[in-house]
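**Student:** Next up, data24.txt (compact mmCIF, C-alpha atoms).
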# COMPACT_ATOMS: atom_id res chain seq x y z
CA MET C 1 92.11 32.42 84.17
CA ASN C 2 89.29 29.98 83.46
CA GLU C 3 88.20 30.04 87.11
CA ILE C 4 88.03 33.83 87.11
CA LEU C 5 85.91 33.76 83.95
CA THR C 6 83.57 31.19 85.50
CA THR C 7 83.21 33.34 88.64
CA ILE C 8 82.43 36.43 86.56
CA ILE C 9 79.85 34.69 84.35
CA SER C 10 78.14 32.78 87.17
CA LYS C 11 77.42 36.04 89.04
CA TYR C 12 75.39 37.49 86.14
CA ASN C 13 72.59 38.68 88.45
CA TYR C 14 75.03 41.04 90.14
CA TRP C 15 76.23 42.37 86.74
CA GLY C 16 72.56 42.92 85.89
CA PHE C 17 71.99 44.94 89.05
CA ILE C 18 75.12 47.04 88.40
CA LEU C 19 73.87 47.68 84.83
CA LEU C 20 70.39 48.72 86.06
CA MET C 21 71.87 51.06 88.69
CA MET C 22 74.10 52.68 86.07
CA ILE C 23 71.12 53.11 83.68
CA GLY C 24 69.19 54.81 86.49
CA LEU C 25 72.13 57.05 87.44
CA TYR C 26 72.63 58.02 83.76
CA ALA C 27 68.95 58.93 83.41
CA MET C 28 69.02 61.00 86.62
CA MET C 29 72.15 62.94 85.62
CA VAL C 30 71.97 63.35 81.83
CA LYS C 31 68.27 63.50 80.90
CA LYS C 32 66.80 67.03 81.03
CA ASN C 33 63.14 66.05 81.39
CA LEU C 34 61.83 65.80 84.96
CA VAL C 35 59.65 62.72 84.32
CA LYS C 36 62.67 60.95 82.74
CA LYS C 37 64.66 61.74 85.89
CA ILE C 38 61.89 60.23 88.03
CA ILE C 39 61.90 57.07 85.86
CA GLY C 40 65.68 56.88 86.35
CA MET C 41 65.26 57.13 90.11
CA ASN C 42 62.80 54.21 90.06
CA ILE C 43 65.11 52.09 87.90
CA PHE C 44 67.90 52.75 90.42
CA GLN C 45 65.66 51.63 93.29
CA THR C 46 64.59 48.41 91.55
CA GLY C 47 68.27 47.69 90.80
CA ILE C 48 69.05 47.80 94.52
CA ILE C 49 66.04 45.57 95.26
CA LEU C 50 67.37 43.10 92.65
CA PHE C 51 70.70 43.00 94.52
CA TYR C 52 69.02 42.20 97.83
CA VAL C 53 66.77 39.50 96.34
CA SER C 54 69.84 37.95 94.63
CA ILE C 55 71.50 37.55 98.04
CA GLY C 56 68.72 35.25 99.27
CA VAL C 57 68.82 32.81 96.33
CA LYS C 58 70.07 29.27 97.05
CA LYS C 59 70.75 26.63 94.43
CA GLY C 60 68.28 23.73 94.50
CA ALA C 61 66.06 25.41 97.12
CA THR C 62 62.31 26.01 97.02
CA ILE C 63 60.19 29.06 97.96
CA PRO C 64 60.15 29.85 101.71
CA ILE C 65 56.88 28.11 102.64
CA ILE C 66 57.16 25.09 104.97
CA SER C 67 55.96 22.08 102.99
CA HIS C 68 54.28 20.10 105.79
CA GLY C 69 51.10 21.39 107.40
CA HIS C 70 49.99 21.96 111.00
CA GLY C 71 49.87 19.04 113.42
CA LYS C 72 53.20 17.61 112.24
CA GLU C 73 55.50 19.77 114.37
CA LYS C 74 57.98 16.95 114.92
CA HIS C 75 59.00 17.24 111.26
CA VAL C 76 62.61 18.46 110.86
CA ILE C 77 63.06 21.70 108.87
CA HIS C 78 66.25 21.91 106.81
CA ALA C 79 67.12 25.59 106.23
CA ALA C 80 69.18 24.67 103.15
CA GLU C 81 66.00 23.53 101.35
CA TYR C 82 64.38 26.97 101.51
CA ILE C 83 65.38 30.30 99.94
CA ASN C 84 66.35 32.90 102.59
CA PRO C 85 63.17 35.01 103.13
CA LEU C 86 64.78 37.81 105.18
CA PRO C 87 65.94 39.98 102.19
CA HIS C 88 62.48 39.53 100.58
CA VAL C 89 60.73 40.89 103.65
CA LEU C 90 63.10 43.86 103.86
CA MET C 91 62.53 44.64 100.18
CA LEU C 92 58.73 44.63 100.55
CA THR C 93 59.19 47.82 102.60
CA ALA C 94 61.50 49.25 99.93
CA ILE C 95 58.87 48.72 97.20
CA VAL C 96 56.23 50.57 99.22
CA VAL C 97 58.70 53.41 99.91
CA SER C 98 59.54 53.60 96.18
CA VAL C 99 55.89 54.07 95.17
CA ALA C 100 55.50 56.76 97.87
CA THR C 101 58.55 58.69 96.58
CA LEU C 102 57.22 58.29 93.02
CA GLY C 103 53.89 59.86 94.02
CA VAL C 104 55.54 62.81 95.78
CA ALA C 105 58.00 63.36 92.92
CA LEU C 106 55.26 63.38 90.27
CA ALA C 107 53.15 65.78 92.38
CA LEU C 108 56.16 68.14 92.60
CA ALA C 109 56.68 67.81 88.82
CA ILE C 110 53.01 68.80 88.23
CA LYS C 111 53.52 71.83 90.52
CA VAL C 112 56.66 72.82 88.58
CA TYR C 113 54.75 72.50 85.29
CA ARG C 114 51.95 74.76 86.53
CA GLU C 115 54.49 77.37 87.65
CA TYR C 116 56.85 77.39 84.66
CA ASP C 117 54.74 75.74 81.90
CA THR C 118 57.49 73.26 80.97
CA LEU C 119 59.08 70.07 82.27
CA GLU C 120 62.55 70.62 80.72
CA GLU C 121 65.21 71.47 83.26
CA ASP C 122 67.17 73.92 81.06
CA GLU C 123 64.02 75.90 80.15
CA ILE C 124 63.04 76.06 83.84
CA ASN C 125 66.51 77.39 84.73
CA LYS C 126 66.27 79.98 81.92
CA LYS C 127 62.86 81.18 83.18
CA ILE C 128 64.16 81.42 86.76
CA ARG C 129 67.12 83.50 85.53
CA ASP C 130 64.81 85.76 83.50
CA GLN C 131 62.56 86.31 86.53
CA ALA C 132 65.56 87.28 88.69
CA LYS C 133 66.53 90.08 86.28
CA MET D 134 65.61 28.84 89.56
CA SER D 135 66.65 27.87 86.06
CA TRP D 136 69.44 30.09 84.81
CA GLN D 137 68.26 30.20 81.16
CA LEU D 138 64.87 31.69 82.12
CA ASP D 139 66.58 34.01 84.61
CA LEU D 140 69.02 35.32 81.99
CA ILE D 141 66.27 35.85 79.36
CA VAL D 142 64.06 37.80 81.78
CA LEU D 143 67.08 39.83 83.04
CA THR D 144 67.88 40.79 79.43
CA MET D 145 64.25 41.85 78.89
CA VAL D 146 64.43 43.98 82.07
CA VAL D 147 67.54 45.82 80.83
CA ILE D 148 66.02 46.33 77.35
CA CYS D 149 62.77 47.73 78.82
CA GLY D 150 64.76 50.03 81.14
CA ILE D 151 66.90 51.45 78.31
CA ALA D 152 63.80 51.88 76.10
CA ALA D 153 61.89 53.65 78.90
CA ILE D 154 64.55 56.34 79.32
CA ASN D 155 65.27 56.80 75.59
CA ILE D 156 61.77 57.10 74.06
CA ARG D 157 60.81 60.65 73.02
CA ASP D 158 57.25 60.55 74.37
CA LEU D 159 56.36 60.75 78.05
CA LEU D 160 53.20 58.61 77.79
CA GLY D 161 55.24 55.92 76.03
CA ALA D 162 57.91 56.22 78.71
CA GLY D 163 55.27 55.62 81.40
CA ILE D 164 53.89 52.56 79.57
CA LEU D 165 57.41 51.16 79.02
CA PHE D 166 58.14 51.70 82.70
CA GLY D 167 55.05 49.59 83.45
CA ALA D 168 56.44 46.87 81.15
CA TYR D 169 59.80 47.17 82.96
CA SER D 170 58.10 46.69 86.34
CA PHE D 171 56.20 43.66 85.05
CA MET D 172 59.42 42.09 83.73
CA MET D 173 61.01 42.77 87.13
CA CYS D 174 58.02 40.99 88.74
CA LEU D 175 58.57 37.98 86.44
CA LEU D 176 62.26 37.97 87.40
CA TRP D 177 61.42 37.80 91.09
CA ALA D 178 58.89 35.03 90.54
CA VAL D 179 61.64 33.09 88.73
CA MET D 180 64.07 33.75 91.60
CA GLY D 181 61.61 32.40 94.18
CA ALA D 182 60.67 35.69 95.85
CA VAL D 183 56.92 35.30 95.32
CA ASP D 184 55.87 37.85 97.97
CA VAL D 185 58.08 40.52 96.39
CA ALA D 186 56.76 39.49 92.96
CA PHE D 187 53.10 40.09 93.66
CA THR D 188 53.76 43.28 95.60
CA GLU D 189 55.72 44.55 92.58
CA ALA D 190 52.94 43.46 90.20
CA SER D 191 50.28 45.39 92.11
CA VAL D 192 52.33 48.40 93.25
CA GLY D 193 55.05 48.74 90.61
CA ALA D 194 53.24 47.71 87.44
CA GLY D 195 49.76 48.82 88.59
CA VAL D 196 49.85 51.94 90.73
CA SER D 197 53.07 53.43 89.23
CA THR D 198 51.70 53.26 85.68
CA VAL D 199 48.44 54.90 86.76
CA LEU D 200 50.43 57.67 88.52
CA PHE D 201 52.60 58.23 85.42
CA VAL D 202 49.60 58.38 83.05
CA ALA D 203 47.76 60.77 85.40
CA ALA D 204 50.84 63.02 85.68
CA VAL D 205 51.38 63.05 81.90
CA PHE D 206 47.74 63.97 81.25
CA ARG D 207 48.03 66.86 83.73
CA THR D 208 51.25 68.17 82.16
CA THR D 209 52.58 67.50 78.65
CA ARG D 210 53.68 64.57 76.49
CA ARG D 211 56.43 66.57 74.82
CA THR D 212 60.05 65.87 75.71
CA LYS D 213 63.35 66.82 74.11
CA ASP D 214 65.36 63.76 75.16
Show me the file's structure as structure tokens.

**Tutor:**
Amino acid sequence: MNEILTTIISKYNYWGFILLMMIGLYAMMVKKNLVKKIIGMNIFQTGIILFYVSIGVKKGATIPIISHGHGKEKHVIHAAEYINPLPHVLMLTAIVVSVATLGVALALAIKVYREYDTLEEDEINKKIRDQAK
Amino acid sequence: MSWQLDLIVLTMVVICGIAAINIRDLLGAGILFGAYSFMMCLLWAVMGAVDVAFTEASVGAGVSTVLFVAAVFRTTRRTKD
């Protein structure tokens, strides 16, 4: 019982990423405002990035920059002393993609506002239904 | 990474995220999302991912906030939820 509790508490970063993903999913599904939905989408994306960065963390390790300089190539590199940089590099791409999707989503929201004069989803649906009649 | 600092910053991230989706003002939501991104950047600096941290500081906290403020000034600040 105590071991299970220790395992659950020591993985708090993963609970944090689950919490952030659920906050983002809630905002995308429940909130009626389009800008709130876009904020929820971004929170979801940063939650996933938090998960990937949490994978690379090692206890007692330093940032992934080799501590000795050039000209000392005979120096032995211990991989256990450095945090795994592969998830970081993958997530750099994800951050750039997230700002690109944010720009496109906000541009579409501005277009919707110019067409229907509101950002609320229910009012937009009502106006579309009124136009169809 | 020291777990006390990590836990404090993670709590601040969750608080900023909940505040950003619950505030009834779109400009305030954009500003709080900038604060959320900056807290996320601090969290990654604590976790040792320095390259991700400064990309997030420039792109997430910088460019995203500017995009949100520009979009809110072109549309409306009013929101029902």

**Student:** Give me the residues within 9 Å of Ala94 of chain C as a PyMOL selection string, counting all atoms listed in the file and dropping any in the same chain fewer than 5 places off.

**Tutor:** chain C and resi 45-46+49+99

**Student:** Nearest to chain C: which of D:Ala178, D:Val142, D:Ala203, D:Val185 is it, counting only C-alpha atoms?

**Tutor:**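 Distance minimum relative to chain C lands on D:Val185.
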
**Student:** Could you put an axis-aligned box around every listed atom of segment 114-121 of chain C, padded by 4 Å on each side, and send me its centre and edge lengths in Å to one decimal, as AutoDock Vina command-line options?

**Tutor:**
--center_x 58.6 --center_y 73.7 --center_z 84.2 --size_x 21.3 --size_y 15.3 --size_z 14.9

**Student:** Write out as a PyMOL selection string which residues come within 9 Å of Glu81 of chain C when counting all atoms listed in the file, dropping same-chain ones fewer than 4 positions away.

**Tutor:** chain C and resi 58-64+77

**Student:** Under the rule that all atoms listed in the file are counted, which of C:Lys11, C:His88, C:His78, C:Lys127 is the nearest residue to chain D?

**Tutor:**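 Ranked by minimum distance to chain D, first place goes to C:His88.
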
**Student:** So what do you get for atom CA of Lys133 of chain C versus atom CA of Thr212 of chain D, distance-wise?

**Tutor:**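 Those two atoms sit 27.2 Å apart.
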